[in-house]
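As stored in work_38.pdb (PDB, C-alpha atoms and all ligand atoms):
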```
ATOM      1  CA  MET A   1     -22.876   4.435 -13.658  1.00  0.00           C
ATOM      2  CA  GLU A   2     -22.434   1.085 -11.949  1.00  0.00           C
ATOM      3  CA  LEU A   3     -25.484  -1.184 -11.935  1.00  0.00           C
ATOM      4  CA  ASN A   4     -26.325  -3.353  -8.946  1.00  0.00           C
ATOM      5  CA  GLU A   5     -26.865  -7.098  -9.226  1.00  0.00           C
ATOM      6  CA  ARG A   6     -30.641  -6.834  -9.474  1.00  0.00           C
ATOM      7  CA  GLN A   7     -30.455  -4.162 -12.171  1.00  0.00           C
ATOM      8  CA  GLU A   8     -28.070  -6.357 -14.192  1.00  0.00           C
ATOM      9  CA  LYS A   9     -30.578  -9.236 -13.861  1.00  0.00           C
ATOM     10  CA  ILE A  10     -33.435  -7.033 -15.047  1.00  0.00           C
ATOM     11  CA  LEU A  11     -31.341  -5.903 -18.001  1.00  0.00           C
ATOM     12  CA  LYS A  12     -30.661  -9.525 -18.927  1.00  0.00           C
ATOM     13  CA  ILE A  13     -34.357 -10.456 -18.779  1.00  0.00           C
ATOM     14  CA  VAL A  14     -35.378  -7.485 -20.905  1.00  0.00           C
ATOM     15  CA  LYS A  15     -32.615  -8.204 -23.414  1.00  0.00           C
ATOM     16  CA  GLN A  16     -33.901 -11.771 -23.817  1.00  0.00           C
ATOM     17  CA  HIS A  17     -37.649 -11.265 -23.546  1.00  0.00           C
ATOM     18  CA  GLY A  18     -38.357  -7.607 -24.269  1.00  0.00           C
ATOM     19  CA  PRO A  19     -40.712  -5.961 -24.781  1.00  0.00           C
ATOM     20  CA  ILE A  20     -41.883  -7.243 -21.415  1.00  0.00           C
ATOM     21  CA  THR A  21     -44.108  -5.742 -18.737  1.00  0.00           C
ATOM     22  CA  GLY A  22     -42.915  -4.820 -15.249  1.00  0.00           C
ATOM     23  CA  SER A  23     -45.138  -7.510 -13.717  1.00  0.00           C
ATOM     24  CA  LYS A  24     -43.630 -10.203 -15.931  1.00  0.00           C
ATOM     25  CA  ILE A  25     -40.100  -9.120 -14.969  1.00  0.00           C
ATOM     26  CA  ALA A  26     -41.128  -9.214 -11.290  1.00  0.00           C
ATOM     27  CA  GLU A  27     -42.576 -12.688 -11.793  1.00  0.00           C
ATOM     28  CA  GLN A  28     -39.323 -13.983 -13.276  1.00  0.00           C
ATOM     29  CA  LEU A  29     -37.338 -12.606 -10.341  1.00  0.00           C
ATOM     30  CA  SER A  30     -39.918 -13.789  -7.785  1.00  0.00           C
ATOM     31  CA  LEU A  31     -40.269 -10.260  -6.494  1.00  0.00           C
ATOM     32  CA  THR A  32     -43.179  -7.836  -6.314  1.00  0.00           C
ATOM     33  CA  ARG A  33     -43.715  -5.157  -8.915  1.00  0.00           C
ATOM     34  CA  ALA A  34     -43.358  -2.528  -6.174  1.00  0.00           C
ATOM     35  CA  THR A  35     -39.902  -3.794  -5.189  1.00  0.00           C
ATOM     36  CA  LEU A  36     -38.701  -3.465  -8.759  1.00  0.00           C
ATOM     37  CA  ARG A  37     -40.103   0.004  -9.355  1.00  0.00           C
ATOM     38  CA  PRO A  38     -36.978   1.971  -8.233  1.00  0.00           C
ATOM     39  CA  ASP A  39     -34.665  -0.267 -10.306  1.00  0.00           C
ATOM     40  CA  LEU A  40     -36.820   0.075 -13.403  1.00  0.00           C
ATOM     41  CA  ALA A  41     -36.914   3.838 -12.896  1.00  0.00           C
ATOM     42  CA  ILE A  42     -33.096   3.999 -12.676  1.00  0.00           C
ATOM     43  CA  LEU A  43     -32.618   1.800 -15.751  1.00  0.00           C
ATOM     44  CA  THR A  44     -35.093   3.898 -17.734  1.00  0.00           C
ATOM     45  CA  MET A  45     -33.695   7.240 -16.623  1.00  0.00           C
ATOM     46  CA  SER A  46     -30.119   6.250 -17.380  1.00  0.00           C
ATOM     47  CA  GLY A  47     -31.079   5.125 -20.880  1.00  0.00           C
ATOM     48  CA  TYR A  48     -30.579   1.352 -20.629  1.00  0.00           C
ATOM     49  CA  LEU A  49     -34.302   0.626 -20.986  1.00  0.00           C
ATOM     50  CA  ASP A  50     -37.178   2.367 -22.599  1.00  0.00           C
ATOM     51  CA  ALA A  51     -40.831   1.848 -21.694  1.00  0.00           C
ATOM     52  CA  ARG A  52     -43.894   2.043 -23.912  1.00  0.00           C
ATOM     53  CA  PRO A  53     -47.378   2.188 -22.454  1.00  0.00           C
ATOM     54  CA  ARG A  54     -49.241  -1.125 -22.819  1.00  0.00           C
ATOM     55  CA  VAL A  55     -46.176  -2.744 -24.446  1.00  0.00           C
ATOM     56  CA  GLY A  56     -43.623  -2.841 -21.690  1.00  0.00           C
ATOM     57  CA  TYR A  57     -39.907  -2.399 -21.278  1.00  0.00           C
ATOM     58  CA  PHE A  58     -37.391  -2.928 -24.053  1.00  0.00           C
ATOM     59  CA  TYR A  59     -33.625  -2.752 -24.266  1.00  0.00           C
ATOM     60  CA  THR A  60     -32.138   0.340 -25.911  1.00  0.00           C
ATOM     61  CA  GLY A  61     -28.826  -1.311 -26.758  1.00  0.00           C
ATOM     62  CA  LYS A  62     -26.759   0.865 -24.455  1.00  0.00           C
ATOM     63  CA  GLU A  63     -23.974  -1.089 -22.831  1.00  0.00           C
ATOM     64  CA  SER A  64     -22.740  -0.335 -19.370  1.00  0.00           C
ATOM     65  CA  GLU A  65     -19.803   2.069 -19.394  1.00  0.00           C
ATOM     66  CA  GLU A  66     -17.706  -0.521 -17.615  1.00  0.00           C
ATOM     67  CA  VAL A  67     -18.273  -3.112 -20.344  1.00  0.00           C
ATOM     68  CA  MET A  68     -17.396  -0.610 -23.078  1.00  0.00           C
ATOM     69  CA  THR A  69     -14.306   0.616 -21.253  1.00  0.00           C
ATOM     70  CA  SER A  70     -12.987  -2.877 -20.669  1.00  0.00           C
ATOM     71  CA  LYS A  71     -13.639  -3.803 -24.318  1.00  0.00           C
ATOM     72  CA  VAL A  72     -11.635  -0.784 -25.507  1.00  0.00           C
ATOM     73  CA  ARG A  73      -8.841  -1.442 -23.023  1.00  0.00           C
ATOM     74  CA  ASN A  74      -8.463  -5.064 -24.078  1.00  0.00           C
ATOM     75  CA  ILE A  75      -8.137  -4.705 -27.856  1.00  0.00           C
ATOM     76  CA  LEU A  76      -4.732  -5.979 -28.978  1.00  0.00           C
ATOM     77  CA  VAL A  77      -2.697  -4.553 -31.854  1.00  0.00           C
ATOM     78  CA  SER A  78      -2.795  -8.002 -33.555  1.00  0.00           C
ATOM     79  CA  GLU A  79      -6.611  -7.913 -33.705  1.00  0.00           C
ATOM     80  CA  VAL A  80      -6.770  -4.743 -35.791  1.00  0.00           C
ATOM     81  CA  GLN A  81      -3.406  -4.241 -37.523  1.00  0.00           C
ATOM     82  CA  SER A  82      -3.388  -3.775 -41.288  1.00  0.00           C
ATOM     83  CA  VAL A  83      -0.942  -4.902 -43.963  1.00  0.00           C
ATOM     84  CA  PRO A  84       2.404  -3.036 -44.040  1.00  0.00           C
ATOM     85  CA  ILE A  85       3.795  -1.743 -47.323  1.00  0.00           C
ATOM     86  CA  LEU A  86       7.515  -2.433 -47.440  1.00  0.00           C
ATOM     87  CA  ILE A  87      10.195  -1.144 -49.780  1.00  0.00           C
ATOM     88  CA  LYS A  88      13.927  -1.707 -49.965  1.00  0.00           C
ATOM     89  CA  GLN A  89      15.999   1.144 -48.581  1.00  0.00           C
ATOM     90  CA  ASP A  90      17.729   1.659 -51.938  1.00  0.00           C
ATOM     91  CA  THR A  91      14.384   2.326 -53.684  1.00  0.00           C
ATOM     92  CA  SER A  92      14.375   5.753 -55.347  1.00  0.00           C
ATOM     93  CA  ILE A  93      12.238   8.606 -54.022  1.00  0.00           C
ATOM     94  CA  TYR A  94      10.351   8.563 -57.325  1.00  0.00           C
ATOM     95  CA  GLU A  95       9.510   4.840 -57.040  1.00  0.00           C
ATOM     96  CA  ALA A  96       8.474   5.315 -53.416  1.00  0.00           C
ATOM     97  CA  ILE A  97       6.018   8.060 -54.426  1.00  0.00           C
ATOM     98  CA  VAL A  98       4.522   5.791 -57.097  1.00  0.00           C
ATOM     99  CA  LYS A  99       4.251   2.967 -54.565  1.00  0.00           C
ATOM    100  CA  MET A 100       2.538   5.224 -52.046  1.00  0.00           C
ATOM    101  CA  PHE A 101      -0.096   6.196 -54.625  1.00  0.00           C
ATOM    102  CA  LEU A 102      -0.603   2.654 -55.916  1.00  0.00           C
ATOM    103  CA  GLU A 103      -0.964   1.167 -52.442  1.00  0.00           C
ATOM    104  CA  ASP A 104      -3.004   4.113 -51.184  1.00  0.00           C
ATOM    105  CA  VAL A 105      -1.089   4.439 -47.894  1.00  0.00           C
ATOM    106  CA  GLY A 106       0.427   7.364 -46.026  1.00  0.00           C
ATOM    107  CA  THR A 107       3.569   5.637 -44.788  1.00  0.00           C
ATOM    108  CA  LEU A 108       6.033   3.145 -46.244  1.00  0.00           C
ATOM    109  CA  TYR A 109       8.509   1.080 -44.250  1.00  0.00           C
ATOM    110  CA  ALA A 110      12.045   0.535 -45.510  1.00  0.00           C
ATOM    111  CA  ILE A 111      13.812  -2.785 -45.002  1.00  0.00           C
ATOM    112  CA  ASP A 112      17.379  -3.983 -45.553  1.00  0.00           C
ATOM    113  CA  GLU A 113      18.633  -7.163 -47.244  1.00  0.00           C
ATOM    114  CA  ASP A 114      17.730  -9.205 -44.135  1.00  0.00           C
ATOM    115  CA  GLN A 115      14.116  -7.940 -44.306  1.00  0.00           C
ATOM    116  CA  SER A 116      14.816  -6.024 -41.093  1.00  0.00           C
ATOM    117  CA  LEU A 117      13.087  -2.669 -40.501  1.00  0.00           C
ATOM    118  CA  VAL A 118      15.495   0.228 -41.054  1.00  0.00           C
ATOM    119  CA  GLY A 119      13.328   3.255 -41.855  1.00  0.00           C
ATOM    120  CA  VAL A 120       9.970   4.993 -42.051  1.00  0.00           C
ATOM    121  CA  ILE A 121       8.976   7.153 -45.014  1.00  0.00           C
ATOM    122  CA  SER A 122       6.011   9.489 -44.666  1.00  0.00           C
ATOM    123  CA  ARG A 123       4.346  11.800 -47.175  1.00  0.00           C
ATOM    124  CA  LYS A 124       6.208  14.824 -45.823  1.00  0.00           C
ATOM    125  CA  ASP A 125       9.539  13.006 -46.048  1.00  0.00           C
ATOM    126  CA  LEU A 126       8.870  12.426 -49.745  1.00  0.00           C
ATOM    127  CA  LEU A 127       7.805  16.026 -50.281  1.00  0.00           C
ATOM    128  CA  ARG A 128      10.991  17.185 -48.581  1.00  0.00           C
ATOM    129  CA  GLY A 129      12.943  14.784 -50.780  1.00  0.00           C
ATOM    130  CA  THR A 130      11.468  16.196 -53.971  1.00  0.00           C
ATOM    131  CA  MET A 131      12.169  19.773 -52.859  1.00  0.00           C
ATOM    132  CA  GLY A 132      15.763  19.083 -51.917  1.00  0.00           C
ATOM    133  CA  SER A 133      16.732  17.102 -54.994  1.00  0.00           C
ATOM    134  CA  ASN A 134      16.191  17.399 -58.703  1.00  0.00           C
ATOM    135  CA  ASP A 135      17.058  13.793 -59.369  1.00  0.00           C
ATOM    136  CA  ILE A 136      14.450  11.879 -57.435  1.00  0.00           C
ATOM    137  CA  GLU A 137      14.773   8.898 -59.769  1.00  0.00           C
ATOM    138  CA  LYS A 138      18.312   8.366 -58.506  1.00  0.00           C
ATOM    139  CA  VAL A 139      18.253   9.431 -54.833  1.00  0.00           C
ATOM    140  CA  PRO A 140      17.344   6.492 -52.573  1.00  0.00           C
ATOM    141  CA  VAL A 141      14.754   6.815 -49.792  1.00  0.00           C
ATOM    142  CA  SER A 142      17.462   5.983 -47.239  1.00  0.00           C
ATOM    143  CA  VAL A 143      18.578   9.629 -47.588  1.00  0.00           C
ATOM    144  CA  ILE A 144      15.262  11.074 -46.432  1.00  0.00           C
ATOM    145  CA  MET A 145      13.718   8.406 -44.179  1.00  0.00           C
ATOM    146  CA  THR A 146      13.493   8.434 -40.397  1.00  0.00           C
ATOM    147  CA  ARG A 147      15.872   5.710 -39.401  1.00  0.00           C
ATOM    148  CA  LYS A 148      16.555   3.345 -36.559  1.00  0.00           C
ATOM    149  CA  PRO A 149      16.913   3.892 -33.585  1.00  0.00           C
ATOM    150  CA  ASN A 150      14.476   6.792 -33.949  1.00  0.00           C
ATOM    151  CA  ILE A 151      11.593   4.594 -35.116  1.00  0.00           C
ATOM    152  CA  THR A 152       8.665   4.084 -32.767  1.00  0.00           C
ATOM    153  CA  ILE A 153       7.390   0.529 -33.101  1.00  0.00           C
ATOM    154  CA  CYS A 154       4.833  -1.702 -31.424  1.00  0.00           C
ATOM    155  CA  TYR A 155       4.377  -5.454 -31.001  1.00  0.00           C
ATOM    156  CA  PRO A 156       1.361  -7.637 -31.872  1.00  0.00           C
ATOM    157  CA  ASN A 157       0.625  -8.278 -28.206  1.00  0.00           C
ATOM    158  CA  ASP A 158       0.651  -4.589 -27.247  1.00  0.00           C
ATOM    159  CA  LEU A 159      -2.662  -3.038 -26.310  1.00  0.00           C
ATOM    160  CA  LEU A 160      -4.156  -0.845 -29.036  1.00  0.00           C
ATOM    161  CA  ILE A 161      -4.578   1.929 -26.478  1.00  0.00           C
ATOM    162  CA  TYR A 162      -0.772   1.915 -26.025  1.00  0.00           C
ATOM    163  CA  ALA A 163      -0.254   2.266 -29.803  1.00  0.00           C
ATOM    164  CA  ALA A 164      -2.841   5.061 -29.932  1.00  0.00           C
ATOM    165  CA  ASN A 165      -1.001   6.909 -27.160  1.00  0.00           C
ATOM    166  CA  GLN A 166       2.274   6.609 -29.037  1.00  0.00           C
ATOM    167  CA  LEU A 167       0.717   8.137 -32.173  1.00  0.00           C
ATOM    168  CA  ILE A 168      -0.518  11.109 -30.172  1.00  0.00           C
ATOM    169  CA  GLU A 169       2.633  11.566 -28.080  1.00  0.00           C
ATOM    170  CA  LYS A 170       5.063  11.318 -31.014  1.00  0.00           C
ATOM    171  CA  GLN A 171       2.738  13.182 -33.417  1.00  0.00           C
ATOM    172  CA  ILE A 172       2.981  10.536 -36.105  1.00  0.00           C
ATOM    173  CA  ASP A 173       0.412   8.778 -38.297  1.00  0.00           C
ATOM    174  CA  SER A 174       1.454   5.150 -38.025  1.00  0.00           C
ATOM    175  CA  LEU A 175       3.448   2.552 -36.124  1.00  0.00           C
ATOM    176  CA  PRO A 176       5.048  -0.505 -37.680  1.00  0.00           C
ATOM    177  CA  VAL A 177       4.077  -3.739 -35.916  1.00  0.00           C
ATOM    178  CA  VAL A 178       7.250  -5.700 -35.434  1.00  0.00           C
ATOM    179  CA  GLU A 179       8.103  -9.267 -34.530  1.00  0.00           C
ATOM    180  CA  GLU A 180      11.683 -10.091 -33.606  1.00  0.00           C
ATOM    181  CA  HIS A 181      13.242 -13.203 -35.129  1.00  0.00           C
ATOM    182  CA  ASP A 182      16.936 -13.895 -34.436  1.00  0.00           C
ATOM    183  CA  GLY A 183      17.739 -10.227 -33.955  1.00  0.00           C
ATOM    184  CA  VAL A 184      15.809  -9.233 -37.104  1.00  0.00           C
ATOM    185  CA  ASP A 185      12.909  -6.796 -36.662  1.00  0.00           C
ATOM    186  CA  LYS A 186      10.395  -8.173 -39.174  1.00  0.00           C
ATOM    187  CA  VAL A 187       7.525  -5.833 -39.977  1.00  0.00           C
ATOM    188  CA  ILE A 188       4.322  -7.863 -39.857  1.00  0.00           C
ATOM    189  CA  GLY A 189       1.727  -5.096 -39.694  1.00  0.00           C
ATOM    190  CA  ARG A 190       0.890  -1.460 -39.311  1.00  0.00           C
ATOM    191  CA  VAL A 191      -1.285   0.527 -36.933  1.00  0.00           C
ATOM    192  CA  THR A 192      -2.533   3.848 -38.256  1.00  0.00           C
ATOM    193  CA  LYS A 193      -5.010   6.510 -37.228  1.00  0.00           C
ATOM    194  CA  THR A 194      -7.448   4.840 -39.650  1.00  0.00           C
ATOM    195  CA  THR A 195      -6.950   1.452 -37.964  1.00  0.00           C
ATOM    196  CA  ILE A 196      -7.833   2.982 -34.627  1.00  0.00           C
ATOM    197  CA  THR A 197     -10.832   4.879 -35.981  1.00  0.00           C
ATOM    198  CA  ARG A 198     -12.109   1.658 -37.610  1.00  0.00           C
ATOM    199  CA  ALA A 199     -11.723  -0.315 -34.365  1.00  0.00           C
ATOM    200  CA  PHE A 200     -13.602   2.416 -32.521  1.00  0.00           C
ATOM    201  CA  VAL A 201     -16.460   2.454 -35.063  1.00  0.00           C
ATOM    202  CA  ASN A 202     -16.720  -1.381 -35.044  1.00  0.00           C
ATOM    203  CA  LEU A 203     -17.006  -1.364 -31.293  1.00  0.00           C
ATOM    204  CA  MET A 204     -19.745   1.243 -31.319  1.00  0.00           C
ATOM    205  CA  GLU A 205     -21.695  -0.672 -33.923  1.00  0.00           C
TER
HETATM  206  P1  LIG B 301       3.259  13.083 -42.503  1.00  0.00           P
HETATM  207  O1  LIG B 301       4.667  13.293 -42.921  1.00  0.00           O
HETATM  208  O2  LIG B 301       2.364  12.675 -43.643  1.00  0.00           O
HETATM  209  O3  LIG B 301       2.722  14.197 -41.660  1.00  0.00           O
HETATM  210  P2  LIG B 301       3.784  11.543 -40.084  1.00  0.00           P
HETATM  211  O4  LIG B 301       3.189  12.545 -39.142  1.00  0.00           O
HETATM  212  O5  LIG B 301       3.515  10.097 -39.790  1.00  0.00           O
HETATM  213  O6  LIG B 301       3.267  11.759 -41.562  1.00  0.00           O
HETATM  214  O7  LIG B 301       5.348  11.761 -40.137  1.00  0.00           O
HETATM  215  C1  LIG B 301       6.028  12.853 -39.604  1.00  0.00           C
HETATM  216  C2  LIG B 301       7.504  12.507 -39.419  1.00  0.00           C
HETATM  217  O8  LIG B 301       7.610  11.460 -38.455  1.00  0.00           O
HETATM  218  C3  LIG B 301       8.175  12.002 -40.684  1.00  0.00           C
HETATM  219  O9  LIG B 301       9.472  12.524 -40.771  1.00  0.00           O
HETATM  220  C4  LIG B 301       8.238  10.484 -40.512  1.00  0.00           C
HETATM  221  O10 LIG B 301       9.367   9.886 -41.098  1.00  0.00           O
HETATM  222  C5  LIG B 301       8.287  10.346 -39.000  1.00  0.00           C
HETATM  223  N1  LIG B 301       7.593   9.112 -38.547  1.00  0.00           N
HETATM  224  C6  LIG B 301       6.430   8.617 -38.980  1.00  0.00           C
HETATM  225  N2  LIG B 301       6.114   7.460 -38.365  1.00  0.00           N
HETATM  226  C7  LIG B 301       7.125   7.233 -37.484  1.00  0.00           C
HETATM  227  C8  LIG B 301       7.421   6.192 -36.546  1.00  0.00           C
HETATM  228  N3  LIG B 301       6.613   5.161 -36.347  1.00  0.00           N
HETATM  229  N4  LIG B 301       8.562   6.282 -35.834  1.00  0.00           N
HETATM  230  C9  LIG B 301       9.405   7.337 -36.009  1.00  0.00           C
HETATM  231  N5  LIG B 301       9.203   8.333 -36.865  1.00  0.00           N
HETATM  232  C10 LIG B 301       8.069   8.288 -37.615  1.00  0.00           C
END
```
Mind turning this structure into structure tokens?
Ligand code: ADP
Amino acid sequence: MELNERQEKILKIVKQHGPITGSKIAEQLSLTRATLRPDLAILTMSGYLDARPRVGYFYTGKESEEVMTSKVRNILVSEVQSVPILIKQDTSIYEAIVKMFLEDVGTLYAIDEDQSLVGVISRKDLLRGTMGSNDIEKVPVSVIMTRKPNITICYPNDLLIYAANQLIEKQIDSLPVVEEHDGVDKVIGRVTKTTITRAFVNLME
């Protein structure tokens, strides 16, 4: 619901001075109590304000939908990204599994000698690797990883909502955050379903 200018002003007064009576709000706006009555009724009914007899109006903490929506829409990947866990592409499947447990992540990113992103290794990739080979201490992750150009990436300045859409569309759990330097795709972060859930919870709190 969109609030009109006067309702926004009332909300501001109650936020600053609540609990506050209707007459006091009217006084601050140089209006009569009767003029304000419909606005106060709307703000109370839609949950922005609550009223207690003999105490007055107070703010419930509900933000306007518009404010919330624009906050969500404007979060950048760089504001919420977490640390990427990188391994060399010649790392064995066995070592990669150990790394995944030690770092407590669901996805590892493989890099080449130039530190450039070359692959993504998920839990299922590693499971598949262990099923298909009986020498996981020797077989490198490059055999089982999803490799370039099939990797979905994002950039620090992308909107988080874009990254979230990619996770849903591609049915994957994480996106590497990449910064290009002289033709090298350096992995500087990671966006996961957890990252997005955390950003969502922080916003609500
Ligand atoms: P899990 O294997 O634990 O279900 P995912 O759903 O993330 O995890 O991975 C499913 C498949 O998608 C795996 O083969 C993995 O290599 C691949 N994958 C994961 N992340 C990406 C990505 N960002 N770009 C391309 N492929 C990916």
Selection: 7 Å around region 37-51 of chain A, all atoms listed in the file, excl. self and same-chain fewer than 3 positions, as a PyMOL selection string: chain A and resi 7+33-34+56-62
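A straight line drawn from CA of Val184 (chain A) to CA of Lys148 (chain A) is 12.6 Å long.
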For the structure shown, which residues end up in the PyMOL selection byres (((chain A and resi 110) around 9) and not hetatm)? Put them as a PyMOL selection string, please?
-> chain A and resi 85-91+108-109+111-112+115-121+141-142+145+147
Name the residues that the PyMOL selection byres (((chain A and resi 131-139) around 8) and not hetatm) pulls out of this structure, and write them as JSON, numbers by chain. {"A": [92, 93, 94, 95, 127, 128, 129, 130, 140, 141, 143]}
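Interatomic distance, CA of Met204 (chain A) to CA of Asn74 (chain A): 14.8 Å.
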Name each residue within 6 Å of ligand LIG 301 (chain B), counting all atoms listed in the file, as an MDAnalysis selection string. chainID A and resid 120:125 145:146 150:153 171:175
Starting from the incomplete input, reconstruct all heavy atoms of region 156-164 of chain A and report them as a PDB file, in the coordinates of the input.
```pdb
ATOM      1  N   PRO A 156       2.734  -7.133 -31.708  1.00  0.00           N
ATOM      2  CA  PRO A 156       1.361  -7.637 -31.872  1.00  0.00           C
ATOM      3  C   PRO A 156       0.595  -7.773 -30.558  1.00  0.00           C
ATOM      4  O   PRO A 156      -0.619  -7.588 -30.531  1.00  0.00           O
ATOM      5  CB  PRO A 156       1.543  -9.008 -32.521  1.00  0.00           C
ATOM      6  CG  PRO A 156       2.970  -9.152 -32.861  1.00  0.00           C
ATOM      7  CD  PRO A 156       3.736  -8.012 -32.320  1.00  0.00           C
ATOM      8  N   ASN A 157       1.327  -8.087 -29.483  1.00  0.00           N
ATOM      9  CA  ASN A 157       0.625  -8.278 -28.206  1.00  0.00           C
ATOM     10  C   ASN A 157       0.451  -7.002 -27.395  1.00  0.00           C
ATOM     11  O   ASN A 157      -0.053  -7.047 -26.277  1.00  0.00           O
ATOM     12  CB  ASN A 157       1.355  -9.314 -27.342  1.00  0.00           C
ATOM     13  CG  ASN A 157       1.120 -10.703 -27.867  1.00  0.00           C
ATOM     14  OD1 ASN A 157       0.079 -10.956 -28.489  1.00  0.00           O
ATOM     15  ND2 ASN A 157       2.070 -11.588 -27.663  1.00  0.00           N
ATOM     16  N   ASP A 158       0.884  -5.872 -27.951  1.00  0.00           N
ATOM     17  CA  ASP A 158       0.651  -4.589 -27.247  1.00  0.00           C
ATOM     18  C   ASP A 158      -0.833  -4.256 -27.286  1.00  0.00           C
ATOM     19  O   ASP A 158      -1.549  -4.645 -28.225  1.00  0.00           O
ATOM     20  CB  ASP A 158       1.413  -3.452 -27.946  1.00  0.00           C
ATOM     21  CG  ASP A 158       2.887  -3.452 -27.610  1.00  0.00           C
ATOM     22  OD1 ASP A 158       3.250  -4.023 -26.569  1.00  0.00           O
ATOM     23  OD2 ASP A 158       3.680  -2.891 -28.393  1.00  0.00           O
ATOM     24  N   LEU A 159      -1.279  -3.504 -26.293  1.00  0.00           N
ATOM     25  CA  LEU A 159      -2.662  -3.038 -26.310  1.00  0.00           C
ATOM     26  C   LEU A 159      -2.794  -1.915 -27.331  1.00  0.00           C
ATOM     27  O   LEU A 159      -1.889  -1.089 -27.474  1.00  0.00           O
ATOM     28  CB  LEU A 159      -3.058  -2.522 -24.930  1.00  0.00           C
ATOM     29  CG  LEU A 159      -3.133  -3.573 -23.830  1.00  0.00           C
ATOM     30  CD1 LEU A 159      -3.286  -2.924 -22.471  1.00  0.00           C
ATOM     31  CD2 LEU A 159      -4.289  -4.537 -24.092  1.00  0.00           C
ATOM     32  N   LEU A 160      -3.937  -1.885 -28.025  1.00  0.00           N
ATOM     33  CA  LEU A 160      -4.156  -0.845 -29.036  1.00  0.00           C
ATOM     34  C   LEU A 160      -4.111   0.542 -28.400  1.00  0.00           C
ATOM     35  O   LEU A 160      -3.626   1.495 -29.009  1.00  0.00           O
ATOM     36  CB  LEU A 160      -5.510  -1.070 -29.726  1.00  0.00           C
ATOM     37  CG  LEU A 160      -5.779  -0.157 -30.911  1.00  0.00           C
ATOM     38  CD1 LEU A 160      -4.785  -0.408 -32.040  1.00  0.00           C
ATOM     39  CD2 LEU A 160      -7.198  -0.320 -31.420  1.00  0.00           C
ATOM     40  N   ILE A 161      -4.561   0.632 -27.164  1.00  0.00           N
ATOM     41  CA  ILE A 161      -4.578   1.929 -26.478  1.00  0.00           C
ATOM     42  C   ILE A 161      -3.145   2.447 -26.290  1.00  0.00           C
ATOM     43  O   ILE A 161      -2.898   3.655 -26.356  1.00  0.00           O
ATOM     44  CB  ILE A 161      -5.349   1.831 -25.128  1.00  0.00           C
ATOM     45  CG1 ILE A 161      -5.635   3.189 -24.543  1.00  0.00           C
ATOM     46  CG2 ILE A 161      -4.672   0.945 -24.125  1.00  0.00           C
ATOM     47  CD1 ILE A 161      -6.773   3.886 -25.188  1.00  0.00           C
ATOM     48  N   TYR A 162      -2.179   1.524 -26.129  1.00  0.00           N
ATOM     49  CA  TYR A 162      -0.772   1.915 -26.025  1.00  0.00           C
ATOM     50  C   TYR A 162      -0.309   2.499 -27.366  1.00  0.00           C
ATOM     51  O   TYR A 162       0.312   3.574 -27.411  1.00  0.00           O
ATOM     52  CB  TYR A 162       0.096   0.699 -25.628  1.00  0.00           C
ATOM     53  CG  TYR A 162       1.567   0.913 -25.902  1.00  0.00           C
ATOM     54  CD1 TYR A 162       2.344   1.668 -25.021  1.00  0.00           C
ATOM     55  CD2 TYR A 162       2.169   0.405 -27.056  1.00  0.00           C
ATOM     56  CE1 TYR A 162       3.684   1.904 -25.293  1.00  0.00           C
ATOM     57  CE2 TYR A 162       3.493   0.631 -27.334  1.00  0.00           C
ATOM     58  CZ  TYR A 162       4.254   1.379 -26.449  1.00  0.00           C
ATOM     59  OH  TYR A 162       5.569   1.613 -26.727  1.00  0.00           O
ATOM     60  N   ALA A 163      -0.651   1.789 -28.464  1.00  0.00           N
ATOM     61  CA  ALA A 163      -0.254   2.266 -29.803  1.00  0.00           C
ATOM     62  C   ALA A 163      -0.880   3.636 -30.073  1.00  0.00           C
ATOM     63  O   ALA A 163      -0.215   4.538 -30.593  1.00  0.00           O
ATOM     64  CB  ALA A 163      -0.686   1.252 -30.859  1.00  0.00           C
ATOM     65  N   ALA A 164      -2.142   3.790 -29.698  1.00  0.00           N
ATOM     66  CA  ALA A 164      -2.841   5.061 -29.932  1.00  0.00           C
ATOM     67  C   ALA A 164      -2.135   6.190 -29.182  1.00  0.00           C
ATOM     68  O   ALA A 164      -1.923   7.279 -29.721  1.00  0.00           O
ATOM     69  CB  ALA A 164      -4.294   4.939 -29.484  1.00  0.00           C
TER      70      ALA A 164
END
```
